[in-house]
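Next comes target_28.pdb, with PDB, C-alpha atoms.
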MODEL        1
ATOM      1  CA  MET R  29      66.080   4.403 -97.612  1.00  0.00           C
ATOM      2  CA  ALA R  30      69.489   2.990 -96.849  1.00  0.00           C
ATOM      3  CA  ASP R  31      70.093  -0.493 -95.442  1.00  0.00           C
ATOM      4  CA  VAL R  32      70.331   0.907 -91.919  1.00  0.00           C
ATOM      5  CA  ASN R  33      71.289  -0.934 -88.784  1.00  0.00           C
ATOM      6  CA  ARG R  34      67.930  -1.880 -87.257  1.00  0.00           C
ATOM      7  CA  GLY R  35      69.200  -3.843 -84.300  1.00  0.00           C
ATOM      8  CA  ASN R  36      71.181  -1.557 -82.081  1.00  0.00           C
ATOM      9  CA  ARG R  37      69.764   1.940 -82.158  1.00  0.00           C
ATOM     10  CA  PRO R  38      69.516   4.123 -79.053  1.00  0.00           C
ATOM     11  CA  LEU R  39      66.109   4.267 -77.362  1.00  0.00           C
ATOM     12  CA  SER R  40      64.259   7.583 -77.291  1.00  0.00           C
ATOM     13  CA  PRO R  41      64.730  10.042 -75.569  1.00  0.00           C
ATOM     14  CA  PHE R  42      68.502   9.629 -75.722  1.00  0.00           C
ATOM     15  CA  MET R  43      69.133  13.245 -76.759  1.00  0.00           C
ATOM     16  CA  LEU R  44      67.626  14.804 -73.633  1.00  0.00           C
ATOM     17  CA  GLY R  45      69.898  15.899 -70.830  1.00  0.00           C
ATOM     18  CA  GLN R  46      73.128  14.794 -72.469  1.00  0.00           C
ATOM     19  CA  TYR R  47      72.923  16.833 -75.664  1.00  0.00           C
ATOM     20  CA  TYR R  48      69.804  18.975 -75.365  1.00  0.00           C
ATOM     21  CA  ARG R  49      69.036  21.575 -72.736  1.00  0.00           C
ATOM     22  CA  PRO R  50      65.459  21.439 -71.383  1.00  0.00           C
ATOM     23  CA  GLN R  51      63.164  23.794 -73.295  1.00  0.00           C
ATOM     24  CA  MET R  52      59.488  24.729 -73.038  1.00  0.00           C
ATOM     25  CA  THR R  53      58.687  22.790 -76.213  1.00  0.00           C
ATOM     26  CA  SER R  54      60.336  19.531 -75.097  1.00  0.00           C
ATOM     27  CA  ILE R  55      59.306  19.694 -71.428  1.00  0.00           C
ATOM     28  CA  SER R  56      55.676  20.600 -72.181  1.00  0.00           C
ATOM     29  CA  SER R  57      55.559  17.713 -74.679  1.00  0.00           C
ATOM     30  CA  ILE R  58      57.089  15.181 -72.274  1.00  0.00           C
ATOM     31  CA  MET R  59      54.631  16.281 -69.588  1.00  0.00           C
ATOM     32  CA  VAL R  60      51.732  15.452 -71.942  1.00  0.00           C
ATOM     33  CA  ARG R  61      53.035  11.892 -72.164  1.00  0.00           C
ATOM     34  CA  ILE R  62      53.683  11.589 -68.407  1.00  0.00           C
ATOM     35  CA  THR R  63      50.251  13.003 -67.479  1.00  0.00           C
ATOM     36  CA  GLY R  64      48.610  10.666 -70.024  1.00  0.00           C
ATOM     37  CA  ILE R  65      50.213   7.571 -68.502  1.00  0.00           C
ATOM     38  CA  ALA R  66      49.520   8.877 -64.981  1.00  0.00           C
ATOM     39  CA  SER R  67      45.864   9.310 -65.924  1.00  0.00           C
ATOM     40  CA  LEU R  68      45.641   5.574 -66.658  1.00  0.00           C
ATOM     41  CA  GLY R  69      46.679   5.183 -63.016  1.00  0.00           C
ATOM     42  CA  THR R  70      43.962   7.638 -61.966  1.00  0.00           C
ATOM     43  CA  ALA R  71      41.469   5.536 -63.941  1.00  0.00           C
ATOM     44  CA  VAL R  72      42.524   2.480 -61.884  1.00  0.00           C
ATOM     45  CA  LEU R  73      41.731   4.365 -58.637  1.00  0.00           C
ATOM     46  CA  LEU R  74      38.379   5.718 -59.870  1.00  0.00           C
ATOM     47  CA  VAL R  75      37.239   2.320 -61.214  1.00  0.00           C
ATOM     48  CA  LEU R  76      38.237   0.691 -57.895  1.00  0.00           C
ATOM     49  CA  TRP R  77      36.201   3.357 -56.083  1.00  0.00           C
ATOM     50  CA  LEU R  78      33.162   2.756 -58.331  1.00  0.00           C
ATOM     51  CA  LEU R  79      33.477  -1.034 -57.893  1.00  0.00           C
ATOM     52  CA  ALA R  80      33.673  -0.618 -54.130  1.00  0.00           C
ATOM     53  CA  ALA R  81      30.581   1.618 -54.136  1.00  0.00           C
ATOM     54  CA  ALA R  82      28.742  -1.046 -56.148  1.00  0.00           C
ATOM     55  CA  THR R  83      29.888  -3.887 -53.892  1.00  0.00           C
ATOM     56  CA  SER R  84      29.494  -3.273 -50.150  1.00  0.00           C
ATOM     57  CA  ASP R  85      29.743  -0.752 -47.320  1.00  0.00           C
ATOM     58  CA  GLY R  86      32.944  -2.386 -46.108  1.00  0.00           C
ATOM     59  CA  ALA R  87      34.688  -2.197 -49.487  1.00  0.00           C
ATOM     60  CA  PHE R  88      33.504   1.377 -50.028  1.00  0.00           C
ATOM     61  CA  ASN R  89      34.746   2.522 -46.609  1.00  0.00           C
ATOM     62  CA  VAL R  90      38.229   1.123 -47.327  1.00  0.00           C
ATOM     63  CA  ILE R  91      38.690   2.725 -50.767  1.00  0.00           C
ATOM     64  CA  ASP R  92      36.848   5.949 -49.885  1.00  0.00           C
ATOM     65  CA  GLY R  93      38.916   6.160 -46.689  1.00  0.00           C
ATOM     66  CA  ILE R  94      42.165   5.867 -48.646  1.00  0.00           C
ATOM     67  CA  LEU R  95      41.131   8.428 -51.311  1.00  0.00           C
ATOM     68  CA  GLY R  96      39.706  10.741 -48.615  1.00  0.00           C
ATOM     69  CA  SER R  97      42.847  10.662 -46.444  1.00  0.00           C
ATOM     70  CA  PHE R  98      45.483  13.405 -46.528  1.00  0.00           C
ATOM     71  CA  ILE R  99      47.674  11.420 -48.930  1.00  0.00           C
ATOM     72  CA  GLY R 100      44.592  10.536 -50.977  1.00  0.00           C
ATOM     73  CA  ASP R 101      43.632  14.215 -51.206  1.00  0.00           C
ATOM     74  CA  ILE R 102      47.110  15.159 -52.455  1.00  0.00           C
ATOM     75  CA  LEU R 103      47.002  12.271 -54.924  1.00  0.00           C
ATOM     76  CA  MET R 104      43.605  13.380 -56.256  1.00  0.00           C
ATOM     77  CA  LEU R 105      44.820  17.006 -56.505  1.00  0.00           C
ATOM     78  CA  LEU R 106      47.844  15.870 -58.553  1.00  0.00           C
ATOM     79  CA  ALA R 107      45.565  13.633 -60.641  1.00  0.00           C
ATOM     80  CA  THR R 108      43.243  16.595 -61.276  1.00  0.00           C
ATOM     81  CA  TRP R 109      46.169  18.798 -62.311  1.00  0.00           C
ATOM     82  CA  ALA R 110      47.477  16.009 -64.563  1.00  0.00           C
ATOM     83  CA  ILE R 111      44.183  15.471 -66.364  1.00  0.00           C
ATOM     84  CA  TRP R 112      43.656  19.205 -66.931  1.00  0.00           C
ATOM     85  CA  TYR R 113      47.223  19.528 -68.217  1.00  0.00           C
ATOM     86  CA  HIS R 114      46.643  16.556 -70.489  1.00  0.00           C
ATOM     87  CA  VAL R 115      43.365  17.984 -71.842  1.00  0.00           C
ATOM     88  CA  LEU R 116      45.139  21.262 -72.704  1.00  0.00           C
ATOM     89  CA  GLY R 117      48.098  19.334 -74.169  1.00  0.00           C
ATOM     90  CA  ARG R 118      45.811  17.267 -76.377  1.00  0.00           C
ATOM     91  CA  LEU R 119      43.990  20.421 -77.435  1.00  0.00           C
ATOM     92  CA  ARG R 120      47.389  21.747 -78.563  1.00  0.00           C
ATOM     93  CA  HIS R 121      47.946  18.517 -80.512  1.00  0.00           C
ATOM     94  CA  VAL R 122      44.540  18.893 -82.192  1.00  0.00           C
ATOM     95  CA  ILE R 123      45.408  22.482 -83.183  1.00  0.00           C
ATOM     96  CA  TRP R 124      48.811  21.321 -84.492  1.00  0.00           C
ATOM     97  CA  ASP R 125      47.314  18.342 -86.326  1.00  0.00           C
ATOM     98  CA  PHE R 126      45.060  20.660 -88.311  1.00  0.00           C
ATOM     99  CA  GLY R 127      48.166  22.599 -89.311  1.00  0.00           C
ATOM    100  CA  TYR R 128      47.842  25.700 -87.127  1.00  0.00           C
ATOM    101  CA  ALA R 129      50.151  27.346 -84.572  1.00  0.00           C
ATOM    102  CA  VAL R 130      53.202  25.219 -85.363  1.00  0.00           C
ATOM    103  CA  GLU R 131      55.526  28.246 -85.128  1.00  0.00           C
ATOM    104  CA  LEU R 132      58.119  28.004 -82.351  1.00  0.00           C
ATOM    105  CA  ASP R 133      57.104  31.136 -80.421  1.00  0.00           C
ATOM    106  CA  ILE R 134      53.389  30.205 -80.486  1.00  0.00           C
ATOM    107  CA  SER R 135      54.198  26.628 -79.435  1.00  0.00           C
ATOM    108  CA  GLU R 136      56.220  27.937 -76.498  1.00  0.00           C
ATOM    109  CA  LYS R 137      53.383  30.264 -75.482  1.00  0.00           C
ATOM    110  CA  MET R 138      50.903  27.377 -75.678  1.00  0.00           C
ATOM    111  CA  GLY R 139      53.237  25.318 -73.457  1.00  0.00           C
ATOM    112  CA  ALA R 140      53.211  28.072 -70.838  1.00  0.00           C
ATOM    113  CA  ILE R 141      49.416  28.324 -71.144  1.00  0.00           C
ATOM    114  CA  MET R 142      49.181  24.558 -70.508  1.00  0.00           C
ATOM    115  CA  PHE R 143      51.153  24.791 -67.238  1.00  0.00           C
ATOM    116  CA  ILE R 144      49.301  27.914 -66.035  1.00  0.00           C
ATOM    117  CA  GLY R 145      45.906  26.767 -67.320  1.00  0.00           C
ATOM    118  CA  ALA R 146      46.182  23.328 -65.674  1.00  0.00           C
ATOM    119  CA  THR R 147      47.084  24.950 -62.349  1.00  0.00           C
ATOM    120  CA  VAL R 148      44.189  27.415 -62.574  1.00  0.00           C
ATOM    121  CA  MET R 149      41.715  24.691 -63.581  1.00  0.00           C
ATOM    122  CA  ALA R 150      42.933  22.326 -60.836  1.00  0.00           C
ATOM    123  CA  ILE R 151      42.450  25.053 -58.197  1.00  0.00           C
ATOM    124  CA  LEU R 152      39.044  25.897 -59.709  1.00  0.00           C
ATOM    125  CA  THR R 153      38.057  22.216 -59.580  1.00  0.00           C
ATOM    126  CA  VAL R 154      39.024  21.980 -55.908  1.00  0.00           C
ATOM    127  CA  ILE R 155      36.986  25.138 -55.141  1.00  0.00           C
ATOM    128  CA  ILE R 156      33.883  24.099 -57.107  1.00  0.00           C
ATOM    129  CA  VAL R 157      33.826  20.375 -56.294  1.00  0.00           C
TER     130      VAL R 157
ATOM    131  CA  MET D   6      71.874  -4.405-101.990  1.00  0.00           C
ATOM    132  CA  ARG D   7      68.334  -5.637-102.404  1.00  0.00           C
ATOM    133  CA  TYR D   8      66.405  -5.178-105.630  1.00  0.00           C
ATOM    134  CA  LEU D   9      63.447  -3.458-104.062  1.00  0.00           C
ATOM    135  CA  THR D  10      62.555   0.195-104.481  1.00  0.00           C
ATOM    136  CA  ASP D  11      62.707   2.388-101.387  1.00  0.00           C
ATOM    137  CA  ARG D  12      58.968   2.977-101.558  1.00  0.00           C
ATOM    138  CA  LYS D  13      58.203  -0.758-101.700  1.00  0.00           C
ATOM    139  CA  ARG D  14      60.357  -1.395 -98.657  1.00  0.00           C
ATOM    140  CA  ALA D  15      58.681   1.400 -96.675  1.00  0.00           C
ATOM    141  CA  LEU D  16      55.142   0.447 -97.638  1.00  0.00           C
ATOM    142  CA  GLY D  17      53.016  -0.850 -94.773  1.00  0.00           C
ATOM    143  CA  LEU D  18      55.795  -0.441 -92.241  1.00  0.00           C
ATOM    144  CA  GLY D  19      56.239   2.616 -90.094  1.00  0.00           C
ATOM    145  CA  ALA D  20      56.785   2.322 -86.370  1.00  0.00           C
ATOM    146  CA  SER D  21      53.761   0.080 -85.794  1.00  0.00           C
ATOM    147  CA  GLY D  22      52.914  -1.262 -89.240  1.00  0.00           C
ATOM    148  CA  GLN D  23      49.471   0.288 -88.911  1.00  0.00           C
ATOM    149  CA  GLY D  24      49.908   3.400 -91.033  1.00  0.00           C
ATOM    150  CA  THR D  25      47.982   6.432 -89.791  1.00  0.00           C
ATOM    151  CA  GLN D  26      45.346   4.454 -87.860  1.00  0.00           C
ATOM    152  CA  HIS D  27      46.865   5.309 -84.466  1.00  0.00           C
ATOM    153  CA  PHE D  28      47.210   8.998 -85.364  1.00  0.00           C
ATOM    154  CA  TRP D  29      43.591   9.189 -86.535  1.00  0.00           C
ATOM    155  CA  HIS D  30      42.239   7.439 -83.410  1.00  0.00           C
ATOM    156  CA  MET D  31      44.236   9.787 -81.171  1.00  0.00           C
ATOM    157  CA  LEU D  32      42.935  12.844 -83.058  1.00  0.00           C
ATOM    158  CA  VAL D  33      39.277  11.765 -82.891  1.00  0.00           C
ATOM    159  CA  GLY D  34      39.624  10.624 -79.265  1.00  0.00           C
ATOM    160  CA  SER D  35      41.350  13.881 -78.300  1.00  0.00           C
ATOM    161  CA  ILE D  36      38.575  16.036 -79.764  1.00  0.00           C
ATOM    162  CA  ALA D  37      35.932  13.918 -78.006  1.00  0.00           C
ATOM    163  CA  LEU D  38      37.777  14.097 -74.691  1.00  0.00           C
ATOM    164  CA  VAL D  39      38.481  17.835 -74.831  1.00  0.00           C
ATOM    165  CA  ILE D  40      34.675  18.158 -74.602  1.00  0.00           C
ATOM    166  CA  LEU D  41      33.884  15.116 -72.420  1.00  0.00           C
ATOM    167  CA  MET D  42      36.625  15.470 -69.829  1.00  0.00           C
ATOM    168  CA  PRO D  43      35.731  18.920 -68.384  1.00  0.00           C
ATOM    169  CA  LEU D  44      32.078  17.762 -68.113  1.00  0.00           C
ATOM    170  CA  PHE D  45      33.253  14.540 -66.472  1.00  0.00           C
ATOM    171  CA  ILE D  46      35.630  16.221 -63.991  1.00  0.00           C
ATOM    172  CA  PHE D  47      32.945  18.509 -62.569  1.00  0.00           C
ATOM    173  CA  THR D  48      30.184  15.862 -62.666  1.00  0.00           C
ATOM    174  CA  PHE D  49      32.266  13.052 -61.182  1.00  0.00           C
ATOM    175  CA  GLY D  50      33.751  15.477 -58.678  1.00  0.00           C
ATOM    176  CA  ALA D  51      30.260  16.460 -57.520  1.00  0.00           C
ATOM    177  CA  GLY D  52      29.448  12.785 -56.889  1.00  0.00           C
ATOM    178  CA  PHE D  53      32.821  11.920 -55.364  1.00  0.00           C
ATOM    179  CA  ASP D  54      32.025  13.198 -51.860  1.00  0.00           C
ATOM    180  CA  GLY D  55      29.479  11.708 -49.526  1.00  0.00           C
ATOM    181  CA  SER D  56      28.291   8.423 -48.071  1.00  0.00           C
ATOM    182  CA  ARG D  57      27.820   5.242 -50.078  1.00  0.00           C
ATOM    183  CA  GLU D  58      24.035   5.877 -50.246  1.00  0.00           C
ATOM    184  CA  GLU D  59      24.631   9.371 -51.686  1.00  0.00           C
ATOM    185  CA  VAL D  60      27.148   8.012 -54.194  1.00  0.00           C
ATOM    186  CA  ILE D  61      24.743   5.270 -55.309  1.00  0.00           C
ATOM    187  CA  SER D  62      21.820   7.676 -55.735  1.00  0.00           C
ATOM    188  CA  PHE D  63      24.066  10.180 -57.602  1.00  0.00           C
ATOM    189  CA  PHE D  64      25.448   7.630 -60.102  1.00  0.00           C
ATOM    190  CA  GLY D  65      21.988   6.066 -60.434  1.00  0.00           C
ATOM    191  CA  ARG D  66      20.819   9.217 -62.221  1.00  0.00           C
ATOM    192  CA  PRO D  67      20.955   9.078 -66.043  1.00  0.00           C
ATOM    193  CA  PHE D  68      23.282  12.037 -66.730  1.00  0.00           C
ATOM    194  CA  PRO D  69      26.117  11.142 -64.323  1.00  0.00           C
ATOM    195  CA  ALA D  70      25.826   7.432 -65.188  1.00  0.00           C
ATOM    196  CA  ILE D  71      25.869   7.896 -68.980  1.00  0.00           C
ATOM    197  CA  LEU D  72      28.589  10.579 -68.876  1.00  0.00           C
ATOM    198  CA  THR D  73      30.778   8.430 -66.596  1.00  0.00           C
ATOM    199  CA  ALA D  74      30.298   5.324 -68.763  1.00  0.00           C
ATOM    200  CA  LEU D  75      31.076   7.224 -71.967  1.00  0.00           C
ATOM    201  CA  THR D  76      34.125   9.003 -70.540  1.00  0.00           C
ATOM    202  CA  LEU D  77      35.354   5.773 -68.952  1.00  0.00           C
ATOM    203  CA  PHE D  78      35.362   4.017 -72.323  1.00  0.00           C
ATOM    204  CA  VAL D  79      36.712   6.843 -74.492  1.00  0.00           C
ATOM    205  CA  ALA D  80      39.321   7.994 -71.949  1.00  0.00           C
ATOM    206  CA  ILE D  81      40.678   4.556 -71.033  1.00  0.00           C
ATOM    207  CA  THR D  82      41.021   3.474 -74.688  1.00  0.00           C
ATOM    208  CA  HIS D  83      42.805   6.821 -75.277  1.00  0.00           C
ATOM    209  CA  PHE D  84      45.194   6.326 -72.314  1.00  0.00           C
ATOM    210  CA  LYS D  85      45.761   2.749 -73.469  1.00  0.00           C
ATOM    211  CA  ARG D  86      46.921   3.910 -76.928  1.00  0.00           C
ATOM    212  CA  GLU D  87      49.009   6.623 -75.323  1.00  0.00           C
ATOM    213  CA  THR D  88      50.751   4.254 -72.906  1.00  0.00           C
ATOM    214  CA  GLN D  89      51.300   1.625 -75.597  1.00  0.00           C
ATOM    215  CA  GLU D  90      52.847   4.311 -77.811  1.00  0.00           C
ATOM    216  CA  ALA D  91      55.276   5.137 -75.007  1.00  0.00           C
ATOM    217  CA  ILE D  92      56.131   1.435 -74.651  1.00  0.00           C
ATOM    218  CA  GLU D  93      56.806   1.208 -78.401  1.00  0.00           C
ATOM    219  CA  ASP D  94      59.193   4.139 -78.002  1.00  0.00           C
ATOM    220  CA  TYR D  95      61.097   3.152 -74.859  1.00  0.00           C
ATOM    221  CA  VAL D  96      60.901  -0.626 -74.441  1.00  0.00           C
ATOM    222  CA  HIS D  97      61.861  -3.054 -77.185  1.00  0.00           C
ATOM    223  CA  GLY D  98      61.971  -6.822 -77.618  1.00  0.00           C
ATOM    224  CA  LEU D  99      60.024  -9.389 -75.601  1.00  0.00           C
ATOM    225  CA  THR D 100      59.667  -7.084 -72.576  1.00  0.00           C
ATOM    226  CA  GLY D 101      58.137  -4.452 -74.817  1.00  0.00           C
ATOM    227  CA  LYS D 102      55.666  -6.904 -76.378  1.00  0.00           C
ATOM    228  CA  LEU D 103      54.588  -8.312 -72.996  1.00  0.00           C
ATOM    229  CA  LEU D 104      54.224  -4.817 -71.505  1.00  0.00           C
ATOM    230  CA  TYR D 105      52.192  -3.736 -74.544  1.00  0.00           C
ATOM    231  CA  ILE D 106      49.834  -6.694 -74.079  1.00  0.00           C
ATOM    232  CA  ALA D 107      49.643  -6.129 -70.304  1.00  0.00           C
ATOM    233  CA  VAL D 108      48.628  -2.469 -70.738  1.00  0.00           C
ATOM    234  CA  GLY D 109      45.945  -3.530 -73.232  1.00  0.00           C
ATOM    235  CA  ALA D 110      44.647  -6.156 -70.788  1.00  0.00           C
ATOM    236  CA  LEU D 111      44.625  -3.670 -67.893  1.00  0.00           C
ATOM    237  CA  ALA D 112      42.707  -1.129 -69.980  1.00  0.00           C
ATOM    238  CA  TRP D 113      40.006  -3.610 -71.050  1.00  0.00           C
ATOM    239  CA  ILE D 114      39.670  -4.954 -67.484  1.00  0.00           C
ATOM    240  CA  LEU D 115      39.218  -1.372 -66.225  1.00  0.00           C
ATOM    241  CA  ILE D 116      36.539  -0.678 -68.844  1.00  0.00           C
ATOM    242  CA  ALA D 117      34.671  -3.920 -68.093  1.00  0.00           C
ATOM    243  CA  ALA D 118      34.922  -3.463 -64.315  1.00  0.00           C
ATOM    244  CA  GLY D 119      33.919   0.208 -64.457  1.00  0.00           C
ATOM    245  CA  LEU D 120      30.895  -0.474 -66.676  1.00  0.00           C
ATOM    246  CA  PHE D 121      29.861  -3.403 -64.440  1.00  0.00           C
ATOM    247  CA  ALA D 122      30.058  -1.160 -61.357  1.00  0.00           C
ATOM    248  CA  LEU D 123      28.015   1.583 -63.046  1.00  0.00           C
ATOM    249  CA  VAL D 124      25.332  -0.866 -64.210  1.00  0.00           C
ATOM    250  CA  LYS D 125      25.125  -2.408 -60.743  1.00  0.00           C
ATOM    251  CA  ILE D 126      24.824   1.040 -59.142  1.00  0.00           C
ATOM    252  CA  ALA D 127      22.278   2.356 -61.659  1.00  0.00           C
ATOM    253  CA  LEU D 128      19.960  -0.682 -61.785  1.00  0.00           C
TER     254      LEU D 128
ENDMDL
END
Could you show the structure in this file as structure tokens?
Amino acid sequence: MADVNRGNRPLSPFMLGQYYRPQMTSISSIMVRITGIASLGTAVLLVLWLLAAATSDGAFNVIDGILGSFIGDILMLLATWAIWYHVLGRLRHVIWDFGYAVELDISEKMGAIMFIGATVMAILTVIIV
Amino acid sequence: MRYLTDRKRALGLGASGQGTQHFWHMLVGSIALVILMPLFIFTFGAGFDGSREEVISFFGRPFPAILTALTLFVAITHFKRETQEAIEDYVHGLTGKLLYIAVGALAWILIAAGLFALVKIAL
């Protein structure tokens, strides 16, 4: 290990856009991170909803009204897609972490499966729930 | 030039100074959530519609209450690690440290508040 400059290095992801064209591997990976952080936001909404249900009719009507509105419905649909995508993305990480399917073509296929699978599961969730 | 071997200088460092702890927690949490989350989505979704009375009676039942509590804890600690990892990557310095602490605080508040709500509904 050389005595490298530790103070002034570029912050990740500095390669994207400028030097790297978007690819299935990079985009599907970035989406796992985005959907993971977004799901923390979903957790905020669901915990607020649970708290409101535990507290009073007034509080419940406010939060349930917001989540049940048109914008709320779209938000919950996106949240559902995000969590399904994230589940499939983490499943891919688990498979990778055990040393399987790390080949480029299989990784790209799994990325496509994540996008398609999340969409199918989100639609299925809306139909069933 | 410092008189330390490369290995000695690398030991105990890494991006977080915590070795493979983060990786292991993410792996175990991921496997748990790949099973828990589909169960949670359909169960929570079934209880998400309806009046406050219906919601309270639904989450007062053992299966939805226990599943929601378990998923709440495992999922929010998982998202917390995930978000903090992103902060380590993209935000450095004091801002990064404060953001890291803030995300941790938010996650624990969510867990405490969610569990409180579930207990109050169920009991």
Taking only C-alpha atoms into account, what are the residues of chain R at most 6 Å from chain D, put as a PDB file with C-alpha atoms, in the frame of the given file?
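Output file result-v5.pdb is given in full below:
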ATOM      1  CA  MET R  29      66.080   4.403 -97.612  1.00  0.00           C
ATOM      2  CA  LEU R  39      66.109   4.267 -77.362  1.00  0.00           C
ATOM      3  CA  SER R  40      64.259   7.583 -77.291  1.00  0.00           C
ATOM      4  CA  GLY R  64      48.610  10.666 -70.024  1.00  0.00           C
ATOM      5  CA  ILE R  65      50.213   7.571 -68.502  1.00  0.00           C
ATOM      6  CA  LEU R  68      45.641   5.574 -66.658  1.00  0.00           C
ATOM      7  CA  VAL R  75      37.239   2.320 -61.214  1.00  0.00           C
ATOM      8  CA  LEU R  78      33.162   2.756 -58.331  1.00  0.00           C
ATOM      9  CA  LEU R  79      33.477  -1.034 -57.893  1.00  0.00           C
ATOM     10  CA  ALA R  82      28.742  -1.046 -56.148  1.00  0.00           C
ATOM     11  CA  VAL R 115      43.365  17.984 -71.842  1.00  0.00           C
ATOM     12  CA  ARG R 118      45.811  17.267 -76.377  1.00  0.00           C
ATOM     13  CA  VAL R 157      33.826  20.375 -56.294  1.00  0.00           C
TER      14      VAL R 157
END
For this session: Evaluate the PyMOL selection byres ((chain R and resi 53) around 8) here and jot the selected residues down as a list in words.
Result: Gln51, Met52, Ser54, Ile55, Ser56, Ser57, Ser135, Glu136 and Gly139 of chain R
For this session: Carefully work through the PyMOL selection byres ((chain R and resi 142) around 8) for this structure and note down the residues it includes, as a PyMOL selection string.
Result: chain R and resi 56+113+116-117+138-141+143-146
Taking all atoms of segment 51-62 of chain R that the file lists, what box with edges along x, y and z, padded by 6 Å per side, do you get, with centre and edge lengths in Å to one decimal, as JSON?
{"center_x": 57.4, "center_y": 18.2, "center_z": -72.3, "size_x": 23.4, "size_y": 25.1, "size_z": 19.8}
Exercise. Expressed in Å to a single decimal, how great is the separation between atom CA of Leu104 of chain D and atom CA of Phe45 of chain D?
Worked result: 29.0 Å
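For the pair atom CA of Tyr105 of chain D and atom CA of Ile92 of chain D, the interatomic distance is 6.5 Å.
Within the file as shown, the PyMOL selection byres ((chain R and resi 110) around 8) identifies R:Thr63, R:Gly64, R:Ala66, R:Ser67, R:Leu106, R:Ala107, R:Thr108, R:Trp109, R:Ile111, R:Trp112, R:Tyr113, R:His114, R:Ala146.
The coordinates place atom CA of Ile155 of chain R at 23.1 Å from atom CA of Ser62 of chain D.
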Exercise. Hey, what's within 9 Å of segment 92-97 of chain R if we count all atoms listed in the file and toss same-chain stuff fewer than 3 positions away? As number ranges by chain, please?
Worked result: R: 73, 77, 80-81, 87-89, 100-104; D: 54
How about completing segment 53-67 of chain D with N, CA and C atoms and giving it to me as a short mmCIF file (atom, residue, chain, number, x, y, z; two decimals), keeping the file's coordinate frame?
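File produced: part_0.cif:
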data_model
loop_
_atom_site.label_atom_id
_atom_site.label_comp_id
_atom_site.auth_asym_id
_atom_site.auth_seq_id
_atom_site.Cartn_x
_atom_site.Cartn_y
_atom_site.Cartn_z
N PHE D 53 31.70 12.63 -56.00
CA PHE D 53 32.82 11.92 -55.36
C PHE D 53 32.75 11.98 -53.84
N ASP D 54 32.15 13.06 -53.32
CA ASP D 54 32.02 13.20 -51.86
C ASP D 54 30.74 12.54 -51.38
N GLY D 55 30.72 12.18 -50.12
CA GLY D 55 29.48 11.71 -49.53
C GLY D 55 29.51 10.24 -49.15
N SER D 56 28.40 9.81 -48.52
CA SER D 56 28.29 8.42 -48.07
C SER D 56 28.02 7.51 -49.26
N ARG D 57 28.05 6.20 -49.00
CA ARG D 57 27.82 5.24 -50.08
C ARG D 57 26.41 5.41 -50.65
N GLU D 58 25.42 5.69 -49.78
CA GLU D 58 24.04 5.88 -50.25
C GLU D 58 23.95 7.06 -51.20
N GLU D 59 24.64 8.17 -50.83
CA GLU D 59 24.63 9.37 -51.69
C GLU D 59 25.31 9.09 -53.02
N VAL D 60 26.42 8.35 -52.96
CA VAL D 60 27.15 8.01 -54.19
C VAL D 60 26.27 7.17 -55.10
N ILE D 61 25.59 6.17 -54.51
CA ILE D 61 24.74 5.27 -55.31
C ILE D 61 23.56 6.02 -55.93
N SER D 62 22.96 6.94 -55.16
CA SER D 62 21.82 7.68 -55.74
C SER D 62 22.30 8.66 -56.81
N PHE D 63 23.52 9.24 -56.60
CA PHE D 63 24.07 10.18 -57.60
C PHE D 63 24.35 9.46 -58.93
N PHE D 64 25.08 8.34 -58.86
CA PHE D 64 25.45 7.63 -60.10
C PHE D 64 24.31 6.77 -60.64
N GLY D 65 23.18 6.73 -59.91
CA GLY D 65 21.99 6.07 -60.43
C GLY D 65 21.20 6.97 -61.37
N ARG D 66 21.50 8.28 -61.32
CA ARG D 66 20.82 9.22 -62.22
C ARG D 66 21.39 9.09 -63.63
N PRO D 67 20.52 9.32 -64.65
CA PRO D 67 20.96 9.08 -66.04
C PRO D 67 22.19 9.88 -66.46
#
